[in-house]
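Trainee: Encoded as structure tokens, here's the structure I'll be asking about.
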Amino acid sequence: MPTRPPIRLLDLPPLPPLRSQTVYHAVGHALRPGDADTIMLVSPNAPYVSIGRHQDLSREVDLDYTGAHGLPVIRREIGGGAVYLDGGQLFCQWIFHAAHLPATVEERFRLYIDALVRAYRALGIAAEHRPINDVHVAGRKIGGTGAARMSEAEVVVGSLMFDFDTATMARVLKVPSEKFRDKIFQSLTDYMTTMRRELGEPPPRERVVAAYLDACRQVLGREIVPGELRPAELALAAELDARFTSAEWMEQSGGLMRAWVKIHEDVRVGEGVHKAPGGLIRCVARVRDERLDDVAFSGDFTARPATMTADLEVALRGSELAEAALLGRVEDYYARVRPEIPGVSPADWVAAVLAATAKEPPGQAA
Amino acid sequence: MSVVHRGCELPESLWYDVERDVWLRREADGSLTLGMTDPAQTRSGKLLHIQFKRVGRHVEAGQSLATVETAKWAGPFPTPVAGTIVAVNEDAFRADILVANREPYGAGWIARLSPDAWAPESTGLVTGPPAIAAYTARIEALALSCFRCAD
């Protein structure tokens, strides 16, 4: 790799939620030939909800809840899903000339996540890269990452997770049912982790920052020098403050729909509904490594024994998502127990599971 | 005819903005069809979503005709040439969001533009053997190997 000039470090104090977002967008859009690449470290000084570049605000976020609790909602230029953020995360943004990062997004994440993994390991946490862009500790995700082009800059973002409020995260999402919300909360609890969870207490910020910057120096092979925001960047951040709070920006119909909530690279939660002759079956399903990790049924059918849905949930756990495999397990239950459930056949349960575990919403098949 | 270099398909007949990974084709009516190159779809990955600027809008060189979100990245699809958008390929992407990953130079075109002017060399666009030479050099410099991100 050719020798490159030092990277500017912007280690910022906690900022108001809006500015904590607009400041790195401003540095990205203000990047000009000859400017230094930047590593920015920043936390919000209050909680908020961040939504992805192409998400529909009212479809993804429970705006009644965020409004009642004074939580701002901010759309970022980075893609991905809605997430609740607060001072428990330190955001690490790389705002680089495109030529100073690997050519593909996948390679860019390999480099970026290598720094996060090394930092966590230096702090005593056995983190590893789960490609493409997760950091895992024993199967649990620790923080999220994303990437975007902002004018001439390629930007990669992620977080060092001191702590994470899974209950509020599950609460701010707009979900089809409270059962679904419970499953999201449970899944976040089961499949996410933080420095607090791994170490008992998170290390002091200074120690984490030092570990992270050491790791960045190692993976990038470059000097990192403390710097300051330039007037042009601050002016652009002020402009973006206005743009990011405009109705035009916030209420644009992004149109990006997912039928599920991603917990991490291997785990997602979805809900599906199937209308059987004997009633409506609602299914909330968690998929892990493309197997049915957990499932819950409800609906307006009448069943005997009363334990039928609970029994089926147990029978289906761990199944492959293939229709034949699911059907085999349900038919086996019907043969063993001979349930009384008029108008609901084994195929109806399977249809509900398949609706809940589909990777794409209807009409968006890849 | 197309050249394939490190798996990257590069049709010789098209015009290219090599830096921006954009191809252009001049149509008989003088309009320009634009799309992502094979290196572009490789670099950004599988498309998840695309949001088009509206037909009739005027854009300057460097501005975006659409914003693209892939599984792991979001960014603009820029035009190297100023003009007015006369068509966007919304129906094709609605039917198959991976169409630009599968057929970047065919069914996966992104937008059609009525250019304010057509002076390709003066805007840095290249075609034919010089384009292939410039693009293959860039592919080498990036150590890029292309694959269709559609499976």
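All residue names refer to the structure tokens as shown: chains lettered A, B, ... in order, residues numbered from 1 in each chain, ligands numbered from 1 in order.
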Just list the residues in region 93-167 of chain A DSSP gives helix (DSSP H, G or I) on the backbone, as a list of chain:residue names.

Mentor: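 Across region 93-167 of chain A, those assigned helix (DSSP H, G or I) are A:Ala98, A:Ala99, A:His100, A:Val105, A:Glu106, A:Glu107, A:Arg108, A:Phe109, A:Arg110, A:Leu111, A:Tyr112, A:Ile113, A:Asp114, A:Ala115, A:Leu116, A:Val117, A:Arg118, A:Ala119, A:Tyr120, A:Arg121, A:Ala122, A:Thr166, A:Ala167.
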
Trainee: Restricting the output to N, CA, C and O atoms, write the selected residues as a compact mmCIF listing (two decimals), in the first residue's frame.

Mentor:
```txt
# COMPACT_ATOMS: atom_id res chain seq x y z
N ALA A 98 -12.60 7.63 -1.66
CA ALA A 98 -12.93 6.29 -2.16
C ALA A 98 -11.67 5.49 -2.49
O ALA A 98 -11.59 4.28 -2.23
N ALA A 99 -10.68 6.17 -3.03
CA ALA A 99 -9.46 5.48 -3.45
C ALA A 99 -8.64 4.96 -2.27
O ALA A 99 -7.70 4.18 -2.46
N HIS A 100 -8.96 5.43 -1.07
CA HIS A 100 -8.19 5.01 0.11
C HIS A 100 -8.83 3.83 0.84
O HIS A 100 -8.37 3.44 1.91
N VAL A 105 -17.57 -3.19 -1.38
CA VAL A 105 -18.17 -2.96 -0.06
C VAL A 105 -17.76 -4.08 0.90
O VAL A 105 -17.45 -3.84 2.06
N GLU A 106 -17.75 -5.29 0.38
CA GLU A 106 -17.41 -6.44 1.22
C GLU A 106 -15.98 -6.32 1.77
O GLU A 106 -15.73 -6.56 2.97
N GLU A 107 -15.05 -5.93 0.91
CA GLU A 107 -13.66 -5.78 1.37
C GLU A 107 -13.52 -4.61 2.34
O GLU A 107 -12.71 -4.65 3.26
N ARG A 108 -14.32 -3.56 2.08
CA ARG A 108 -14.29 -2.41 2.99
C ARG A 108 -14.71 -2.83 4.40
O ARG A 108 -14.09 -2.45 5.38
N PHE A 109 -15.76 -3.64 4.49
CA PHE A 109 -16.21 -4.11 5.80
C PHE A 109 -15.17 -5.01 6.46
O PHE A 109 -15.01 -4.99 7.68
N ARG A 110 -14.46 -5.79 5.65
CA ARG A 110 -13.45 -6.69 6.23
C ARG A 110 -12.42 -5.86 6.99
O ARG A 110 -12.03 -6.18 8.11
N LEU A 111 -12.00 -4.75 6.37
CA LEU A 111 -11.00 -3.88 6.99
C LEU A 111 -11.59 -3.17 8.22
O LEU A 111 -11.00 -3.15 9.30
N TYR A 112 -12.76 -2.59 8.02
CA TYR A 112 -13.39 -1.81 9.08
C TYR A 112 -13.67 -2.68 10.30
O TYR A 112 -13.42 -2.29 11.45
N ILE A 113 -14.19 -3.88 10.04
CA ILE A 113 -14.57 -4.75 11.16
C ILE A 113 -13.34 -5.37 11.82
O ILE A 113 -13.34 -5.64 13.02
N ASP A 114 -12.29 -5.53 11.06
CA ASP A 114 -11.04 -6.01 11.65
C ASP A 114 -10.63 -5.07 12.80
O ASP A 114 -10.20 -5.53 13.87
N ALA A 115 -10.79 -3.77 12.59
CA ALA A 115 -10.42 -2.81 13.65
C ALA A 115 -11.32 -2.97 14.88
O ALA A 115 -10.84 -2.95 16.02
N LEU A 116 -12.62 -3.14 14.64
CA LEU A 116 -13.53 -3.33 15.78
C LEU A 116 -13.19 -4.61 16.54
O LEU A 116 -13.15 -4.63 17.77
N VAL A 117 -12.95 -5.68 15.79
CA VAL A 117 -12.65 -6.98 16.42
C VAL A 117 -11.37 -6.88 17.26
O VAL A 117 -11.32 -7.35 18.40
N ARG A 118 -10.33 -6.26 16.68
CA ARG A 118 -9.07 -6.13 17.44
C ARG A 118 -9.27 -5.30 18.70
O ARG A 118 -8.70 -5.60 19.76
N ALA A 119 -10.09 -4.25 18.59
CA ALA A 119 -10.33 -3.40 19.77
C ALA A 119 -11.04 -4.20 20.86
O ALA A 119 -10.64 -4.17 22.03
N TYR A 120 -12.08 -4.91 20.48
CA TYR A 120 -12.81 -5.71 21.48
C TYR A 120 -11.88 -6.75 22.12
O TYR A 120 -11.93 -7.00 23.32
N ARG A 121 -11.07 -7.38 21.29
CA ARG A 121 -10.17 -8.41 21.84
C ARG A 121 -9.17 -7.81 22.82
O ARG A 121 -8.86 -8.41 23.85
N ALA A 122 -8.70 -6.61 22.48
CA ALA A 122 -7.76 -5.94 23.39
C ALA A 122 -8.44 -5.63 24.73
O ALA A 122 -7.78 -5.49 25.76
N THR A 166 -32.34 -2.90 24.97
CA THR A 166 -33.13 -3.77 24.09
C THR A 166 -34.64 -3.55 24.29
O THR A 166 -35.40 -3.67 23.33
N ALA A 167 -35.06 -3.22 25.50
CA ALA A 167 -36.50 -3.04 25.74
C ALA A 167 -37.02 -1.85 24.94
O ALA A 167 -38.07 -1.94 24.29
```

Trainee: Using only C-alpha atoms, find the residues of chain B whose closest atom to chain A is at most 12 Å away, then write them as a count of residues only.

Mentor: 55

Trainee: Please provide the set of residues having any atom within 7 Å of Arg291 (chain A), restricted to only C-alpha atoms, with same-chain residues fewer than 2 positions apart removed, written as a PyMOL selection string.

Mentor: chain A and resi 287-289+293+318-321

Trainee: Contacts of region 226-242 of chain A at 8 Å or less, counting only C-alpha atoms, minus same-chain residues fewer than 5 places along, as a PyMOL selection string?

Mentor: chain A and resi 8-11+18-19+22-23+25-27+30

Trainee: At what distance in Å, to one decimal, does CA of Ala356 (chain A) lie from CA of Tyr333 (chain A)?

Mentor: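 Those two atoms sit 20.5 Å apart.
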
Trainee: Could you pull out all residues of region 108-298 of chain A with a DSSP call of strand (DSSP E) and give them as a PyMOL selection string?

Mentor: chain A and resi 127-130+134-137+140-141+145-150+153-161+224-226+260-264+267-276+279-288+291-298
